[in-house]
$ cat structure_7.txt   # compact mmCIF, C-alpha atoms
# COMPACT_ATOMS: atom_id res chain seq x y z
CA MET K 5 84.28 -11.26 -207.10
CA VAL K 6 85.84 -11.89 -210.51
CA SER K 7 86.21 -8.93 -212.86
CA LYS K 8 85.31 -9.08 -216.56
CA ARG K 9 89.01 -8.83 -217.40
CA ASP K 10 89.92 -11.73 -215.12
CA ALA K 11 87.09 -13.82 -216.57
CA MET K 12 88.43 -13.12 -220.05
CA ASN K 13 91.91 -14.15 -218.97
CA GLU K 14 90.53 -17.40 -217.55
CA CYS K 15 88.96 -18.10 -220.96
CA LEU K 16 92.28 -17.42 -222.66
CA ASP K 17 93.96 -19.75 -220.18
CA SER K 18 91.75 -22.69 -221.04
CA ALA K 19 91.95 -21.95 -224.78
CA ASP K 20 95.71 -22.52 -224.68
CA ASP K 21 96.55 -25.59 -222.69
CA ARG K 22 100.29 -25.32 -223.28
CA ALA K 23 100.39 -22.66 -220.57
CA ILE K 24 101.83 -22.27 -217.10
CA GLU K 25 100.34 -20.05 -214.42
CA PHE K 26 103.17 -18.39 -212.53
CA TRP K 27 102.26 -17.02 -209.09
CA PHE K 28 105.05 -14.89 -207.66
CA GLU K 29 106.02 -12.03 -205.34
CA PHE K 30 108.85 -9.55 -205.80
CA GLY K 31 109.75 -9.90 -202.12
CA SER K 32 110.26 -13.67 -202.38
CA ASN K 33 113.83 -14.87 -202.95
CA TYR K 34 112.85 -18.18 -204.55
CA SER K 35 110.51 -16.25 -206.86
CA TYR K 36 113.64 -14.37 -208.00
CA LEU K 37 115.11 -17.60 -209.40
CA SER K 38 111.93 -18.40 -211.32
CA VAL K 39 111.28 -14.87 -212.60
CA MET K 40 114.77 -14.78 -214.10
CA ARG K 41 114.40 -18.17 -215.80
CA ILE K 42 110.78 -18.78 -216.72
CA GLU K 43 110.28 -16.78 -219.91
CA GLU K 44 113.24 -18.29 -221.75
CA ALA K 45 112.65 -21.81 -220.40
CA ALA K 46 108.94 -21.71 -221.32
CA ALA K 47 109.63 -20.36 -224.82
CA ARG K 48 112.07 -23.22 -225.43
CA LEU K 49 109.24 -25.67 -224.80
CA GLY K 50 106.54 -23.70 -226.62
CA VAL K 51 104.74 -22.96 -223.35
CA SER K 52 103.10 -19.58 -222.67
CA VAL K 53 103.47 -17.88 -219.29
CA ARG K 54 100.44 -16.49 -217.44
CA TRP K 55 101.95 -14.02 -214.97
CA LYS K 56 100.12 -13.97 -211.63
CA PRO K 57 101.63 -11.43 -209.24
CA PHE K 58 100.14 -11.59 -205.74
CA LEU K 59 100.81 -10.50 -202.17
CA LEU K 60 102.50 -13.12 -200.02
CA GLY K 61 102.05 -11.13 -196.79
CA PRO K 62 98.29 -11.76 -196.36
CA ILE K 63 98.85 -15.48 -197.03
CA PHE K 64 101.53 -15.68 -194.33
CA ARG K 65 99.38 -13.65 -191.94
CA SER K 66 96.51 -16.12 -192.48
CA PHE K 67 98.89 -18.75 -190.99
CA GLY K 68 99.54 -16.47 -188.01
CA TRP K 69 102.98 -15.43 -189.30
CA GLU K 70 103.89 -11.75 -189.17
CA THR K 71 106.73 -12.12 -191.68
CA SER K 72 108.55 -14.67 -193.87
CA PRO K 73 109.15 -18.13 -192.36
CA PHE K 74 112.82 -17.56 -193.31
CA VAL K 75 112.86 -14.80 -190.70
CA LEU K 76 110.68 -16.61 -188.15
CA GLN K 77 112.66 -19.89 -188.32
CA LYS K 78 116.24 -18.95 -187.55
CA ALA K 79 117.91 -22.22 -188.59
CA LYS K 80 116.01 -22.43 -191.88
CA GLY K 81 116.61 -18.73 -192.51
CA GLU K 82 120.37 -19.11 -192.17
CA TYR K 83 120.36 -22.08 -194.52
CA VAL K 84 118.27 -20.28 -197.15
CA TRP K 85 120.97 -17.70 -197.87
CA ARG K 86 123.60 -20.40 -198.46
CA ASP K 87 121.13 -22.24 -200.66
CA MET K 88 120.34 -19.08 -202.64
CA ALA K 89 124.03 -18.39 -203.29
CA ARG K 90 124.48 -21.95 -204.61
CA GLU K 91 121.26 -21.88 -206.67
CA CYS K 92 122.22 -18.58 -208.30
CA LEU K 93 125.63 -20.01 -209.17
CA LYS K 94 123.93 -23.09 -210.65
CA HIS K 95 121.62 -20.98 -212.80
CA GLY K 96 124.23 -18.36 -213.72
CA LEU K 97 122.41 -15.55 -211.94
CA PRO K 98 123.93 -12.66 -210.00
CA TRP K 99 123.25 -12.66 -206.25
CA THR K 100 123.57 -10.27 -203.34
CA ARG K 101 121.97 -11.17 -200.04
CA PRO K 102 119.41 -8.41 -199.45
CA THR K 103 120.09 -6.33 -196.33
CA VAL K 104 116.31 -5.94 -195.93
CA PHE K 105 114.17 -9.07 -196.15
CA PRO K 106 111.44 -9.54 -197.11
CA ARG K 107 111.21 -6.29 -199.07
CA VAL K 108 107.80 -4.65 -199.49
CA ALA K 109 106.84 -4.48 -203.17
CA LEU K 110 103.29 -3.14 -203.25
CA LEU K 111 103.67 -0.64 -206.08
CA PRO K 112 105.87 -2.98 -208.18
CA LEU K 113 103.23 -5.72 -207.80
CA ARG K 114 100.37 -3.38 -208.72
CA VAL K 115 102.30 -2.38 -211.85
CA ALA K 116 102.97 -6.06 -212.57
CA LEU K 117 99.23 -6.68 -212.50
CA VAL K 118 98.82 -3.98 -215.14
CA GLY K 119 101.71 -5.42 -217.14
CA ALA K 120 100.63 -9.06 -217.00
CA GLY K 121 99.10 -9.02 -220.49
CA HIS K 122 101.81 -6.88 -222.08
CA SER K 123 104.99 -7.83 -223.92
CA TRP K 124 107.15 -5.79 -221.48
CA MET K 125 106.09 -7.90 -218.47
CA GLY K 126 109.02 -10.33 -218.44
CA THR K 127 111.69 -7.65 -218.74
CA TYR K 128 109.95 -5.49 -216.14
CA CYS K 129 109.79 -8.36 -213.63
CA ARG K 130 113.41 -9.38 -214.18
CA ARG K 131 114.53 -5.78 -213.65
CA MET K 132 112.53 -5.49 -210.41
CA MET K 133 113.90 -8.77 -209.10
CA SER K 134 117.47 -7.81 -210.03
CA LEU K 135 117.15 -4.58 -208.05
CA ASN K 136 116.08 -6.53 -204.95
CA PHE K 137 118.28 -9.63 -205.15
CA ALA K 138 121.31 -8.61 -207.23
CA GLU K 139 121.67 -4.90 -206.37
CA ASP K 140 120.20 -4.94 -202.84
CA ARG K 141 118.00 -1.90 -203.50
CA GLU K 142 114.58 -0.89 -202.21
CA ILE K 143 111.94 -1.27 -204.92
CA ASP K 144 108.68 0.02 -203.43
CA SER K 145 108.91 3.63 -204.58
CA HIS K 146 107.36 5.70 -207.37
CA GLU K 147 110.83 6.88 -208.41
CA THR K 148 112.29 3.38 -208.80
CA VAL K 149 109.29 1.94 -210.62
CA ALA K 150 109.09 4.97 -212.93
CA ALA K 151 112.80 4.64 -213.73
CA VAL K 152 112.42 0.95 -214.59
CA LEU K 153 109.41 1.57 -216.83
CA GLY K 154 111.19 4.50 -218.48
CA LYS K 155 114.20 2.33 -219.28
CA LEU K 156 111.83 -0.07 -221.05
CA GLY K 157 110.86 2.81 -223.34
CA LEU K 158 107.43 3.12 -221.72
CA SER K 159 105.57 6.18 -220.57
CA ALA K 160 105.68 5.50 -216.83
CA GLN K 161 103.07 7.87 -215.42
CA PRO K 162 99.94 6.47 -217.14
CA ILE K 163 100.97 2.95 -216.16
CA ILE K 164 101.57 3.96 -212.54
CA ASP K 165 98.27 5.86 -212.52
CA GLU K 166 96.45 2.74 -213.70
CA ALA K 167 98.37 0.64 -211.17
CA GLN K 168 97.34 2.96 -208.34
CA SER K 169 93.67 3.16 -209.40
CA ALA K 170 91.07 1.87 -206.96
CA ALA K 171 90.05 -0.80 -209.47
CA ASN K 172 93.60 -2.14 -209.80
CA LYS K 173 94.23 -2.06 -206.03
CA LEU K 174 91.07 -4.14 -205.67
CA ARG K 175 92.26 -6.55 -208.37
CA LEU K 176 95.50 -7.21 -206.50
CA ARG K 177 93.54 -7.98 -203.34
CA GLN K 178 91.28 -10.28 -205.38
CA GLN K 179 94.26 -11.98 -207.00
CA THR K 180 95.69 -12.61 -203.52
CA GLU K 181 92.34 -14.03 -202.37
CA ALA K 182 92.32 -16.23 -205.47
CA ALA K 183 95.81 -17.48 -204.56
CA GLN K 184 94.59 -18.42 -201.13
CA ALA K 185 91.48 -20.11 -202.54
CA LYS K 186 93.72 -22.19 -204.83
CA GLY K 187 95.66 -23.45 -201.80
CA ILE K 188 98.80 -21.40 -202.47
CA PHE K 189 100.97 -21.25 -199.34
CA GLY K 190 104.25 -19.86 -200.69
CA ALA K 191 105.97 -18.49 -203.77
CA PRO K 192 106.75 -19.23 -206.47
CA THR K 193 103.83 -21.54 -207.23
CA PHE K 194 102.91 -22.87 -210.66
CA PHE K 195 99.69 -24.35 -212.01
CA VAL K 196 99.44 -26.48 -215.11
CA ARG K 197 95.93 -27.61 -216.03
CA GLY K 198 94.92 -27.26 -212.37
CA GLU K 199 97.91 -29.20 -211.01
CA MET K 200 99.96 -27.30 -208.42
CA PHE K 201 103.77 -27.19 -208.39
CA TRP K 202 105.45 -25.35 -205.51
CA GLY K 203 108.87 -23.78 -205.53
CA ASN K 204 111.54 -22.94 -208.07
CA ASP K 205 112.72 -26.56 -207.69
CA ARG K 206 109.54 -27.66 -209.51
CA LEU K 207 109.64 -25.12 -212.36
CA ASP K 208 111.19 -27.55 -214.82
CA ASP K 209 108.73 -30.33 -213.91
CA ALA K 210 105.83 -27.92 -214.31
CA LEU K 211 107.09 -26.73 -217.71
CA ARG K 212 107.62 -30.28 -218.96
CA ASN K 213 104.10 -31.09 -217.78
CA ALA K 214 102.72 -28.04 -219.63
CA ALA K 215 104.59 -28.95 -222.81
CA SER K 216 103.38 -32.56 -222.89
CA LEU K 217 99.82 -32.22 -224.16
CA MET C 23 129.25 -35.64 -174.78
CA VAL C 24 130.89 -37.47 -177.67
CA SER C 25 131.48 -41.21 -177.27
CA LYS C 26 134.72 -42.92 -178.27
CA ARG C 27 132.88 -44.59 -181.12
CA ASP C 28 131.49 -41.29 -182.45
CA ALA C 29 134.92 -39.68 -182.17
CA MET C 30 136.35 -42.57 -184.21
CA ASN C 31 133.65 -42.12 -186.84
CA GLU C 32 134.44 -38.41 -187.05
CA CYS C 33 138.06 -39.37 -187.77
CA LEU C 34 136.94 -41.74 -190.50
CA ASP C 35 134.75 -38.98 -191.96
CA SER C 36 137.59 -36.54 -192.31
CA ALA C 37 139.93 -39.23 -193.64
CA ASP C 38 137.64 -39.78 -196.62
CA ASP C 39 136.52 -36.48 -198.07
CA ARG C 40 134.51 -38.08 -200.86
CA ALA C 41 131.74 -38.66 -198.35
CA ILE C 42 128.23 -37.43 -197.74
CA GLU C 43 126.62 -37.25 -194.31
CA PHE C 44 123.00 -38.30 -194.63
CA TRP C 45 120.72 -37.19 -191.77
CA PHE C 46 117.32 -38.83 -192.00
CA GLU C 47 114.22 -40.05 -190.13
CA PHE C 48 112.06 -43.05 -190.98
CA GLY C 49 108.92 -40.98 -190.28
CA SER C 50 109.88 -38.33 -192.86
CA ASN C 51 108.35 -38.72 -196.34
CA TYR C 52 111.04 -36.75 -198.14
CA SER C 53 113.65 -38.88 -196.34
CA TYR C 54 111.95 -41.86 -198.02
CA LEU C 55 112.94 -40.55 -201.46
CA SER C 56 116.57 -40.10 -200.42
CA VAL C 57 116.90 -43.38 -198.50
CA MET C 58 115.74 -45.27 -201.59
CA ARG C 59 118.16 -43.46 -203.93
CA ILE C 60 121.29 -42.48 -202.04
CA GLU C 61 123.34 -45.66 -201.89
CA GLU C 62 123.21 -46.36 -205.64
CA ALA C 63 123.60 -42.70 -206.61
CA ALA C 64 126.58 -42.25 -204.27
CA ALA C 65 128.27 -45.43 -205.46
CA ARG C 66 127.98 -44.24 -209.07
CA LEU C 67 130.02 -41.16 -208.14
CA GLY C 68 132.48 -42.95 -205.86
CA VAL C 69 131.07 -41.20 -202.79
CA SER C 70 130.65 -43.00 -199.46
CA VAL C 71 127.52 -42.54 -197.37
CA ARG C 72 127.72 -41.74 -193.64
CA TRP C 73 124.29 -42.70 -192.32
CA LYS C 74 123.05 -40.37 -189.58
CA PRO C 75 119.64 -41.45 -188.26
CA PHE C 76 118.13 -38.95 -185.81
CA LEU C 77 114.83 -38.02 -184.21
CA LEU C 78 112.94 -35.24 -186.01
CA GLY C 79 110.35 -34.86 -183.22
CA PRO C 80 112.61 -33.07 -180.70
CA ILE C 81 113.80 -30.70 -183.46
CA PHE C 82 110.22 -29.79 -184.36
CA ARG C 83 109.29 -29.43 -180.68
CA SER C 84 112.20 -27.00 -180.24
CA PHE C 85 110.37 -24.79 -182.78
CA GLY C 86 107.16 -25.08 -180.74
CA TRP C 87 105.60 -27.59 -183.16
CA GLU C 88 103.90 -30.65 -181.70
CA THR C 89 104.00 -32.56 -185.01
CA SER C 90 105.13 -32.30 -188.64
CA PRO C 91 104.63 -28.93 -190.39
CA PHE C 92 102.83 -30.95 -193.10
CA VAL C 93 100.15 -31.66 -190.49
CA LEU C 94 100.20 -28.20 -188.90
CA GLN C 95 100.00 -26.31 -192.20
CA LYS C 96 96.91 -27.64 -193.93
CA ALA C 97 97.50 -26.15 -197.40
CA LYS C 98 101.13 -27.26 -197.50
CA GLY C 99 100.17 -30.68 -196.15
CA GLU C 100 97.63 -31.26 -198.93
CA TYR C 101 100.17 -30.26 -201.53
CA VAL C 102 102.88 -32.51 -200.13
CA TRP C 103 100.96 -35.70 -200.94
CA ARG C 104 100.48 -34.66 -204.57
CA ASP C 105 104.15 -33.76 -204.75
CA MET C 106 105.16 -37.11 -203.22
CA ALA C 107 103.10 -39.07 -205.76
CA ARG C 108 104.76 -37.14 -208.62
CA GLU C 109 108.26 -37.43 -207.14
CA CYS C 110 107.90 -41.19 -206.66
CA LEU C 111 106.76 -41.52 -210.26
CA LYS C 112 109.76 -39.46 -211.38
CA HIS C 113 112.19 -41.65 -209.42
CA GLY C 114 110.46 -44.95 -210.23
CA LEU C 115 109.53 -45.62 -206.60
CA PRO C 116 106.35 -47.23 -205.27
CA TRP C 117 104.10 -44.94 -203.24
CA THR C 118 101.13 -45.27 -200.92
CA ARG C 119 100.04 -42.28 -198.90
CA PRO C 120 100.45 -43.39 -195.27
CA THR C 121 97.21 -43.45 -193.30
CA VAL C 122 99.20 -42.47 -190.21
CA PHE C 123 101.60 -39.53 -190.50
CA PRO C 124 104.16 -38.95 -189.20
CA ARG C 125 104.80 -42.51 -188.04
CA VAL C 126 106.79 -43.04 -184.87
CA ALA C 127 110.01 -44.96 -185.60
CA LEU C 128 111.95 -45.03 -182.33
CA LEU C 129 113.04 -48.68 -182.39
CA PRO C 130 113.81 -48.65 -186.14
CA LEU C 131 115.98 -45.55 -185.61
CA ARG C 132 117.80 -47.09 -182.65
CA VAL C 133 118.54 -50.15 -184.78
CA ALA C 134 119.67 -47.88 -187.61
CA LEU C 135 122.16 -46.30 -185.24
CA VAL C 136 123.57 -49.76 -184.54
CA GLY C 137 123.58 -50.58 -188.25
CA ALA C 138 125.19 -47.35 -189.45
CA GLY C 139 128.65 -48.87 -189.76
CA HIS C 140 127.47 -52.21 -191.19
CA SER C 141 127.03 -53.39 -194.77
CA TRP C 142 123.35 -54.23 -194.17
CA MET C 143 122.45 -50.62 -193.32
CA GLY C 144 121.26 -49.53 -196.78
CA THR C 145 119.01 -52.54 -197.33
CA TYR C 146 117.64 -52.28 -193.80
CA CYS C 147 116.75 -48.60 -194.24
CA ARG C 148 115.14 -49.13 -197.63
CA ARG C 149 113.03 -51.96 -196.21
CA MET C 150 111.89 -49.83 -193.26
CA MET C 151 111.01 -46.93 -195.54
CA SER C 152 109.13 -49.21 -197.95
CA LEU C 153 107.01 -50.53 -195.10
CA ASN C 154 106.00 -46.99 -194.13
CA PHE C 155 105.61 -45.30 -197.52
CA ALA C 156 104.88 -48.11 -199.99
CA GLU C 157 103.00 -50.62 -197.82
CA ASP C 158 101.41 -48.21 -195.31
CA ARG C 159 102.44 -50.30 -192.30
CA GLU C 160 103.40 -49.41 -188.75
CA ILE C 161 107.13 -49.87 -188.19
CA ASP C 162 107.76 -49.12 -184.53
CA SER C 163 107.44 -52.66 -183.14
CA HIS C 164 109.83 -55.40 -182.04
CA GLU C 165 108.04 -57.86 -184.30
CA THR C 166 108.38 -55.77 -187.46
CA VAL C 167 112.00 -54.82 -186.86
CA ALA C 168 112.93 -58.43 -186.00
CA ALA C 169 111.24 -59.66 -189.18
CA VAL C 170 113.13 -57.16 -191.32
CA LEU C 171 116.50 -58.03 -189.74
CA GLY C 172 115.71 -61.73 -190.05
CA LYS C 173 115.01 -61.35 -193.77
CA LEU C 174 118.45 -59.77 -194.14
CA GLY C 175 119.91 -63.05 -192.80
CA LEU C 176 120.84 -61.42 -189.48
CA SER C 177 120.34 -62.63 -185.97
CA ALA C 178 117.76 -60.06 -184.87
CA GLN C 179 117.74 -60.37 -181.10
CA PRO C 180 121.35 -59.35 -180.34
CA ILE C 181 120.98 -56.34 -182.64
CA ILE C 182 117.72 -55.29 -180.99
CA ASP C 183 119.26 -55.82 -177.55
CA GLU C 184 122.15 -53.53 -178.47
CA ALA C 185 119.71 -51.01 -179.98
CA GLN C 186 117.67 -50.95 -176.75
CA SER C 187 120.69 -50.67 -174.45
CA ALA C 188 120.96 -47.56 -172.29
CA ALA C 189 124.17 -46.60 -174.09
CA ASN C 190 122.53 -46.74 -177.53
CA LYS C 191 119.42 -44.87 -176.38
CA LEU C 192 121.74 -42.16 -175.12
CA ARG C 193 123.61 -42.14 -178.44
CA LEU C 194 120.38 -41.49 -180.37
CA ARG C 195 119.58 -38.57 -178.08
CA GLN C 196 123.13 -37.28 -178.58
CA GLN C 197 122.88 -37.69 -182.33
CA THR C 198 119.65 -35.66 -182.28
CA GLU C 199 121.35 -32.96 -180.19
CA ALA C 200 124.21 -32.98 -182.68
CA ALA C 201 121.69 -32.50 -185.51
CA GLN C 202 120.28 -29.48 -183.74
CA ALA C 203 123.74 -28.09 -183.03
CA LYS C 204 124.55 -28.36 -186.76
CA GLY C 205 121.48 -26.24 -187.59
CA ILE C 206 119.40 -29.09 -188.98
CA PHE C 207 115.72 -28.07 -189.15
CA GLY C 208 114.23 -30.85 -191.29
CA ALA C 209 114.95 -34.13 -193.04
CA PRO C 210 116.61 -35.28 -195.14
CA THR C 211 119.66 -33.06 -194.65
CA PHE C 212 123.09 -33.69 -196.16
CA PHE C 213 126.52 -32.36 -195.23
CA VAL C 214 129.49 -32.36 -197.53
CA ARG C 215 132.71 -31.00 -196.01
CA GLY C 216 130.63 -28.94 -193.58
CA GLU C 217 128.30 -27.52 -196.24
CA MET C 218 124.59 -28.14 -195.57
CA PHE C 219 122.13 -29.29 -198.25
CA TRP C 220 118.48 -29.59 -197.22
CA GLY C 221 115.87 -31.80 -198.83
CA ASN C 222 115.76 -34.63 -201.33
CA ASP C 223 115.76 -31.93 -204.04
CA ARG C 224 119.40 -31.19 -203.12
CA LEU C 225 120.67 -34.78 -202.95
CA ASP C 226 122.14 -34.70 -206.46
CA ASP C 227 123.82 -31.33 -205.86
CA ALA C 228 125.28 -32.60 -202.59
CA LEU C 229 126.58 -35.78 -204.24
CA ARG C 230 128.15 -33.85 -207.12
CA ASN C 231 129.77 -31.58 -204.56
CA ALA C 232 131.10 -34.59 -202.63
CA ALA C 233 132.47 -36.18 -205.82
CA SER C 234 134.31 -33.05 -206.99
CA LEU C 235 137.38 -33.04 -204.76

$ encode --input "structure_7.txt" --output "structure tokens"
Amino acid sequence: MVSKRDAMNECLDSADDRAIEFWFEFGSNYSYLSVMRIEEAAARLGVSVRWKPFLLGPIFRSFGWETSPFVLQKAKGEYVWRDMARECLKHGLPWTRPTVFPRVALLPLRVALVGAGHSWMGTYCRRMMSLNFAEDREIDSHETVAAVLGKLGLSAQPIIDEAQSAANKLRLRQQTEAAQAKGIFGAPTFFVRGEMFWGNDRLDDALRNAASL
Amino acid sequence: MVSKRDAMNECLDSADDRAIEFWFEFGSNYSYLSVMRIEEAAARLGVSVRWKPFLLGPIFRSFGWETSPFVLQKAKGEYVWRDMARECLKHGLPWTRPTVFPRVALLPLRVALVGAGHSWMGTYCRRMMSLNFAEDREIDSHETVAAVLGKLGLSAQPIIDEAQSAANKLRLRQQTEAAQAKGIFGAPTFFVRGEMFWGNDRLDDALRNAASL
């Protein structure tokens, strides 16, 4: 089930080969690192970003996991927070360990799906991620999303209405199914001309690959 | 249960703070990348390597996994082999996807425990890893280990006898318990002044940390 809009986007993707597909989730801490960095890093290399928000929960549940592996695996979970603090320091990003993890981000992701083709997408995503991972705030509410969109100078209600439409809810489910069909098992994940790169640690490799036509 | 020899090594560790503890397994593909790189990279920064071979199997079994997560998680497993090919290319290392994974390496690890304080350790480990991940050969046999030691100009039998002694078998079990007690959940894992770094992707960070006293 591919919508006309998605089909058009696929065409655009193949028309511009200096592009990176960026599959991410607002609840994912390693997606935070990539969301904050990707737009500037891609622009430096002349690479365009195709934003692909999706739901990580259904992917994890398909593996039989009820939550993040960082919660299910205690030893790895403890390590991840030390790693995040160091990675944020390395990349010059603010960091607060979220008191709730992983945070639900259904409305923010639906809005991201609406925003994916718009110039405000990068700023919107960085703001959402900062709320979760720098300010330790809940993000899955109408009030928070409306405030973020408003601060971008946008009229929030029509965007939220579109995000909450049946068609857009379906698109997010389809995008998540597409992620699964592509073999995505975590976030962030990047694709460059069909080649998969997993994790913020591979963002630079993926971008270099995209830039080298 | 810490042996006199281990206690002495701990003393040596704390006496030289420009050191990196390197916990690895010959069956682990990402350990391959680090084994091949660490000695030269550490030397360049004036950092000494404390080799810590251990058994990954008991760690995985403690999580309820009967084998590597790269086997248990199909999507991640498929990705890992593409990632390995790219990583080897990046680091200028030969690569053949092993037809058996993960390979058992009990005898090679017992010998590595004997070799950990000796000057031949680095070359021995690189040779073992090359057999597994560049030449796709079984490594857990007396014949193979003896041939590798022989090629290093060593008298193989006394080393293998020491490796197979009850005391050394116990030491490998203890080293694996120590890994678990330190919160190790995968390989390779590095420690620098008590700080954990997980994965070949963090080797350079760990080394820089070790070098910056």

$ closest_residue --input "structure_7.txt" --among "K:Ala109, K:Ala215, K:Leu117, K:Val152" --to "Asn136 of chain K" --atoms "all atoms listed in the file"
K:Ala109

$ closest_atom_pairs --input "structure_7.txt" --of "chain K" --to "chain C" --cutoff "9 Å" --atoms "all atoms listed in the file" --output "CSV"
residue,atom,partner,partner_atom,distance
K:Phe67,CA,C:Gln95,CA,7.7
K:Gln77,CA,C:Phe85,CA,7.7
K:Lys78,CA,C:Gly205,CA,9.0
K:Ala79,CA,C:Gly205,CA,5.5
K:Lys80,CA,C:Phe207,CA,6.3
K:Glu82,CA,C:Gly205,CA,8.5
K:Tyr83,CA,C:Met218,CA,7.5
K:Arg86,CA,C:Met218,CA,8.3
K:Asp87,CA,C:Phe219,CA,7.5
K:Gly187,CA,C:Ala97,CA,5.5
K:Ile188,CA,C:Ala97,CA,7.1
K:Phe189,CA,C:Lys98,CA,6.3
K:Gly190,CA,C:Lys98,CA,8.6
K:Glu199,CA,C:Arg104,CA,8.8
K:Met200,CA,C:Tyr101,CA,7.5
K:Phe201,CA,C:Asp105,CA,7.5
K:Trp202,CA,C:Tyr101,CA,8.2
K:Asp205,CA,C:Asp223,CA,7.2

$ residues_around --input "structure_7.txt" --residues "Ala160 of chain K" --least-positions-apart "3" --cutoff "12 Å" --atoms "all atoms listed in the file" --output "number ranges by chain"
K: 115, 118-119, 128, 146-157, 163-167

$ atom_distance --input "structure_7.txt" --atom1 "atom CA of Trp73 of chain C" --atom2 "atom CA of Ala134 of chain C"
8.4 Å

$ atom_distance --input "structure_7.txt" --atom1 "atom CA of Ser53 of chain C" --atom2 "atom CA of Asn204 of chain K"
19.9 Å

$ atom_distance --input "structure_7.txt" --atom1 "atom CA of Ile143 of chain K" --atom2 "atom CA of Phe30 of chain K"
8.9 Å

$ closest_residue --input "structure_7.txt" --among "C:Lys191, C:Arg119, C:His140, C:Arg159" --to "Phe76 of chain C" --atoms "all atoms listed in the file"
C:Lys191

$ closest_residue --input "structure_7.txt" --among "C:Ala200, C:Leu229, C:Leu55, C:Ala209" --to "Leu111 of chain C" --atoms "all atoms listed in the file"
C:Leu55

$ axis_aligned_box --input "structure_7.txt" --around "segment 89-92 of chain K" --padding-each-side "4 Å" --output "JSON"
{"center_x": 122.9, "center_y": -20.2, "center_z": -205.8, "size_x": 11.2, "size_y": 11.6, "size_z": 13.0}

$ residues_around --input "structure_7.txt" --residues "Phe46 of chain C" --least-positions-apart "3" --cutoff "10 Å" --atoms "all atoms listed in the file" --output "PyMOL selection string"
chain C and resi 43+49-54+56-57+73-78+131+208-212+221

$ write_last_selection --input "structure_7.txt" --atoms "C-alpha atoms" --output "mmCIF file, keeping the file's coordinate frame"
data_model
loop_
_atom_site.group_PDB
_atom_site.id
_atom_site.type_symbol
_atom_site.label_atom_id
_atom_site.label_comp_id
_atom_site.auth_asym_id
_atom_site.auth_seq_id
_atom_site.Cartn_x
_atom_site.Cartn_y
_atom_site.Cartn_z
ATOM 1 C CA GLU C 43 126.620 -37.250 -194.310
ATOM 2 C CA GLY C 49 108.920 -40.980 -190.280
ATOM 3 C CA SER C 50 109.880 -38.330 -192.860
ATOM 4 C CA ASN C 51 108.350 -38.720 -196.340
ATOM 5 C CA TYR C 52 111.040 -36.750 -198.140
ATOM 6 C CA SER C 53 113.650 -38.880 -196.340
ATOM 7 C CA TYR C 54 111.950 -41.860 -198.020
ATOM 8 C CA SER C 56 116.570 -40.100 -200.420
ATOM 9 C CA VAL C 57 116.900 -43.380 -198.500
ATOM 10 C CA TRP C 73 124.290 -42.700 -192.320
ATOM 11 C CA LYS C 74 123.050 -40.370 -189.580
ATOM 12 C CA PRO C 75 119.640 -41.450 -188.260
ATOM 13 C CA PHE C 76 118.130 -38.950 -185.810
ATOM 14 C CA LEU C 77 114.830 -38.020 -184.210
ATOM 15 C CA LEU C 78 112.940 -35.240 -186.010
ATOM 16 C CA LEU C 131 115.980 -45.550 -185.610
ATOM 17 C CA GLY C 208 114.230 -30.850 -191.290
ATOM 18 C CA ALA C 209 114.950 -34.130 -193.040
ATOM 19 C CA PRO C 210 116.610 -35.280 -195.140
ATOM 20 C CA THR C 211 119.660 -33.060 -194.650
ATOM 21 C CA PHE C 212 123.090 -33.690 -196.160
ATOM 22 C CA GLY C 221 115.870 -31.800 -198.830
#

$ residues_around --input "structure_7.txt" --residues "Met40 of chain K" --least-positions-apart "6" --cutoff "12 Å" --atoms "only C-alpha atoms" --output "compact mmCIF listing (two decimals) with C-alpha atoms, keeping the file's coordinate frame"
# COMPACT_ATOMS: atom_id res chain seq x y z
CA PHE K 28 105.05 -14.89 -207.66
CA PHE K 30 108.85 -9.55 -205.80
CA ASN K 33 113.83 -14.87 -202.95
CA TYR K 34 112.85 -18.18 -204.55
CA ALA K 46 108.94 -21.71 -221.32
CA CYS K 92 122.22 -18.58 -208.30
CA HIS K 95 121.62 -20.98 -212.80
CA GLY K 96 124.23 -18.36 -213.72
CA LEU K 97 122.41 -15.55 -211.94
CA PRO K 98 123.93 -12.66 -210.00
CA TRP K 99 123.25 -12.66 -206.25
CA MET K 125 106.09 -7.90 -218.47
CA GLY K 126 109.02 -10.33 -218.44
CA THR K 127 111.69 -7.65 -218.74
CA TYR K 128 109.95 -5.49 -216.14
CA CYS K 129 109.79 -8.36 -213.63
CA ARG K 130 113.41 -9.38 -214.18
CA ARG K 131 114.53 -5.78 -213.65
CA MET K 132 112.53 -5.49 -210.41
CA MET K 133 113.90 -8.77 -209.10
CA SER K 134 117.47 -7.81 -210.03
CA PHE K 137 118.28 -9.63 -205.15
CA ALA K 138 121.31 -8.61 -207.23
CA PRO K 192 106.75 -19.23 -206.47
CA ASN K 204 111.54 -22.94 -208.07
CA LEU K 207 109.64 -25.12 -212.36

$ closest_residue --input "structure_7.txt" --among "C:Gly139, C:Gly216, C:Pro180, C:Pro130" --to "Val71 of chain C" --atoms "only C-alpha atoms"
C:Gly139

$ closest_residue --input "structure_7.txt" --among "C:Glu160, C:Leu235, C:Arg230, C:Arg125" --to "Ala65 of chain C" --atoms "all atoms listed in the file"
C:Arg230
